[in-house]
Amino acid sequence: MVRGDGAVVRGDGAVAKYLAQIILVGAQVVGRAFMRALRQEFAASRAAADARGRSERPQSAAASRIIGISLQEAQQILNVSSLNPEEIQKNYDHLFKVNDKSVGGSFYLQSKVVRAKERLDEELRIQAKGDKEKERKAET
């Protein structure tokens, strides 16, 4: 249909059809971009997990999976640079007390401190076991 000024005017059905096509194409573009980003994130996560697994000994990696916290994260939480049992215990006692809910602390942070201590204790146990095996091999 032609208006008085010479412009071509389409019926309402044609406008709705074009609008639906635009929405459909836009949704497809957004969907593809989302899937691409999801694949990239999955690949990056897998690469990080592989790198973390390579950096730790097999027993240490297993302990990280079981306890749910890495050795490095546990050391950061308890603010220790080496696996010194006295330093670990001292920092644990302090952080556990200051995060006690009865003194206005955070139960969440207190539980992170407990998990970090468990992870470091497990690492100390793994190291002690490894040292014993080395001694046995040296004796034979």
# chains A, B, ... in the order shown; residues from 1 in each chain; ligands from 1
>>> residues_around(residues="Lys117 of chain A", least_positions_apart="5", cutoff="10 Å", atoms="only C-alpha atoms", output="PyMOL selection string")
chain A and resi 74-75+77-78+88-89+91-93+111-112+122-123
>>> residues_around(residues="Leu120 of chain A", least_positions_apart="4", cutoff="12 Å", atoms="only C-alpha atoms", output="PyMOL selection string")
chain A and resi 60+63-64+67+69-89+92+113-116+124-127
>>> atom_distance(atom1="atom CA of Phe107 of chain A", atom2="atom CA of Arg119 of chain A")
18.3 Å
